[in-house]
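Coordinates as given in upload27.pdb (PDB, C-alpha atoms):
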ATOM      1  CA  MET A   1      32.845  30.983  21.568
ATOM      2  CA  THR A   2      29.670  30.222  23.516
ATOM      3  CA  LEU A   3      27.588  30.985  20.428
ATOM      4  CA  ALA A   4      29.496  28.342  18.459
ATOM      5  CA  VAL A   5      28.940  25.769  21.222
ATOM      6  CA  VAL A   6      25.207  26.516  21.314
ATOM      7  CA  ILE A   7      24.990  26.203  17.517
ATOM      8  CA  ILE A   8      26.810  22.865  17.592
ATOM      9  CA  ILE A   9      24.570  21.541  20.389
ATOM     10  CA  VAL A  10      21.409  22.613  18.546
ATOM     11  CA  LEU A  11      22.706  21.121  15.308
ATOM     12  CA  LEU A  12      23.475  17.800  17.016
ATOM     13  CA  ALA A  13      20.059  17.805  18.686
ATOM     14  CA  VAL A  14      18.300  18.395  15.353
ATOM     15  CA  LEU A  15      20.327  15.665  13.650
ATOM     16  CA  GLY A  16      19.672  13.242  16.526
ATOM     17  CA  PHE A  17      15.945  13.992  16.503
ATOM     18  CA  GLY A  18      15.821  13.585  12.711
ATOM     19  CA  TYR A  19      17.650  10.253  12.924
ATOM     20  CA  LEU A  20      15.219   9.079  15.609
ATOM     21  CA  ILE A  21      12.226   9.952  13.435
ATOM     22  CA  PHE A  22      13.866   8.253  10.444
ATOM     23  CA  ARG A  23      14.353   5.030  12.424
ATOM     24  CA  MET A  24      10.788   5.075  13.743
ATOM     25  CA  MET A  25       9.332   5.631  10.265
ATOM     26  CA  ARG A  26      11.373   2.798   8.784
ATOM     27  CA  LYS A  27      10.276   0.377  11.500
ATOM     28  CA  SER A  28       6.613   1.288  11.136
ATOM     29  CA  GLN A  29       6.701   0.866   7.362
ATOM     30  CA  GLU A  30       8.223  -2.595   7.681
ATOM     31  CA  ALA A  31       5.764  -3.748  10.321
ATOM     32  CA  VAL A  32       2.493  -2.669   8.727
ATOM     33  CA  PRO A  33       2.602  -4.681   5.459
ATOM     34  CA  GLU A  34       3.761  -7.799   7.282
ATOM     35  CA  ALA A  35       0.878  -7.589   9.747
ATOM     36  CA  THR A  36      -1.811  -6.788   7.205
ATOM     37  CA  ASP A  37      -0.669  -9.363   4.667
ATOM     38  CA  ALA A  38      -0.525 -12.086   7.299
ATOM     39  CA  ASN A  39      -3.943 -11.126   8.660
ATOM     40  CA  ASP A  40      -5.547 -11.040   5.198
ATOM     41  CA  ALA A  41      -4.040 -14.383   4.289
ATOM     42  CA  LYS A  42      -5.627 -16.036   7.335
ATOM     43  CA  HIS A  43      -9.186 -14.793   6.765
ATOM     44  CA  ASP A  44     -11.345 -14.564   3.671
ATOM     45  CA  LEU A  45     -13.168 -11.235   3.893
ATOM     46  CA  VAL A  46     -16.940 -11.078   3.505
ATOM     47  CA  VAL A  47     -17.765  -8.347   0.979
ATOM     48  CA  GLY A  48     -21.558  -8.695   0.789
ATOM     49  CA  THR A  49     -24.542 -11.001   0.550
ATOM     50  CA  ASP A  50     -26.352 -12.392  -2.484
ATOM     51  CA  GLU A  51     -30.104 -12.561  -3.146
ATOM     52  CA  GLN A  52     -30.505 -15.708  -1.045
ATOM     53  CA  GLY A  53     -28.689 -14.164   1.938
ATOM     54  CA  ARG A  54     -25.463 -16.152   1.539
ATOM     55  CA  GLU A  55     -22.178 -14.414   2.214
ATOM     56  CA  ILE A  56     -20.033 -13.333  -0.729
ATOM     57  CA  HIS A  57     -16.314 -13.635   0.001
ATOM     58  CA  ALA A  58     -13.514 -11.574  -1.530
ATOM     59  CA  SER A  59     -11.884 -14.657  -3.022
ATOM     60  CA  GLU A  60     -14.969 -15.585  -5.065
ATOM     61  CA  ASP A  61     -15.072 -14.771  -8.744
ATOM     62  CA  LEU A  62     -17.931 -12.335  -9.234
ATOM     63  CA  ARG A  63     -19.350 -12.178 -12.711
ATOM     64  CA  GLN A  64     -21.748  -9.385 -13.553
ATOM     65  CA  PRO A  65     -24.661 -10.392 -15.756
ATOM     66  CA  THR A  66     -24.375  -9.015 -19.256
ATOM     67  CA  ARG A  67     -26.795  -6.240 -20.034
ATOM     68  CA  ASP A  68     -29.101  -6.436 -22.989
ATOM     69  CA  ALA A  69     -29.131  -3.173 -24.945
ATOM     70  CA  ALA A  70     -32.228  -4.195 -26.907
ATOM     71  CA  GLY A  71     -34.558  -3.211 -24.073
ATOM     72  CA  PHE A  72     -33.203   0.323 -23.977
ATOM     73  CA  GLU A  73     -33.257   0.632 -27.761
ATOM     74  CA  SER A  74     -36.899  -0.460 -27.985
ATOM     75  CA  LEU A  75     -37.854   1.947 -25.190
ATOM     76  CA  LEU A  76     -36.019   4.756 -26.978
ATOM     77  CA  GLN A  77     -37.736   3.949 -30.271
ATOM     78  CA  ASP A  78     -41.154   3.919 -28.552
ATOM     79  CA  GLU A  79     -40.454   7.279 -26.902
ATOM     80  CA  ILE A  80     -39.339   8.844 -30.191
ATOM     81  CA  HIS A  81     -42.453   7.488 -31.912
ATOM     82  CA  ASP A  82     -44.757   8.708 -29.088
ATOM     83  CA  GLN A  83     -43.396  12.246 -29.369
ATOM     84  CA  GLY A  84     -44.006  12.271 -33.122
ATOM     85  CA  ARG A  85     -40.366  12.656 -34.013
ATOM     86  CA  GLU A  86     -38.355  10.790 -36.564
ATOM     87  CA  GLU A  87     -35.339   8.727 -35.665
ATOM     88  CA  PRO A  88     -32.148  10.764 -36.233
ATOM     89  CA  VAL A  89     -29.914   9.617 -39.062
ATOM     90  CA  ALA A  90     -26.475   8.374 -38.067
ATOM     91  CA  PRO A  91     -23.581  10.533 -39.344
ATOM     92  CA  ASP A  92     -22.026   7.677 -41.309
ATOM     93  CA  GLU A  93     -25.351   6.882 -43.029
ATOM     94  CA  GLY A  94     -26.209  10.438 -43.924
TER      95      GLY A  94
END
Turn the structure described in the file into structure tokens.
Amino acid sequence: MTLAVVIIIVLLAVLGFGYLIFRMMRKSQEAVPEATDANDAKHDLVVGTDEQGREIHASEDLRQPTRDAAGFESLLQDEIHDQGREEPVAPDEG
């Protein structure tokens, strides 16, 4: 009889503790996105500086300059020529 009472008390304590943790987790998950979204909406974050020292903000549209592959190709051709090798033939040309 006393063993059954102890088991019931332990079971109720575990269920109560689990419910408490469940409630705390749910409240913390609801609060965090609201706080961070509101904070981010108020301030524009600075993500870096440009060459002139001006701040770059997260809301700005950053465009990377396009790279010119011709410089690399000419350097590669010069290196192949300097080593006395011939340029390899492409598989679709061969």
Would you work out the distance separating atom CA of A:Gln77 from atom CA of A:Val89, expressed in Å to one decimal? 13.1 Å
What does the distance between atom CA of A:His43 and atom CA of A:Met24 come to in Å, to one decimal place? 29.0 Å
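With distances restricted to all atoms listed in the file, A:Leu45 is the closest residue to A:Ser59 from A:Gly71, A:Leu45, A:Gln83, A:Ile21.
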For stretch 56-59 of chain A, what centre and edge lengths in Å (one decimal) does the axis-aligned box get once 5 Å is added on each side of all its listed atoms, as AutoDock Vina command-line options?
--center_x -16.0 --center_y -13.1 --center_z -1.5 --size_x 18.1 --size_y 13.1 --size_z 13.0
Can you give me, as a VMD selection string, the residues this file yields under the PyMOL selection byres ((chain A and resi 58) around 10)? chain A and resid 43 to 48 55 to 57 59 to 62
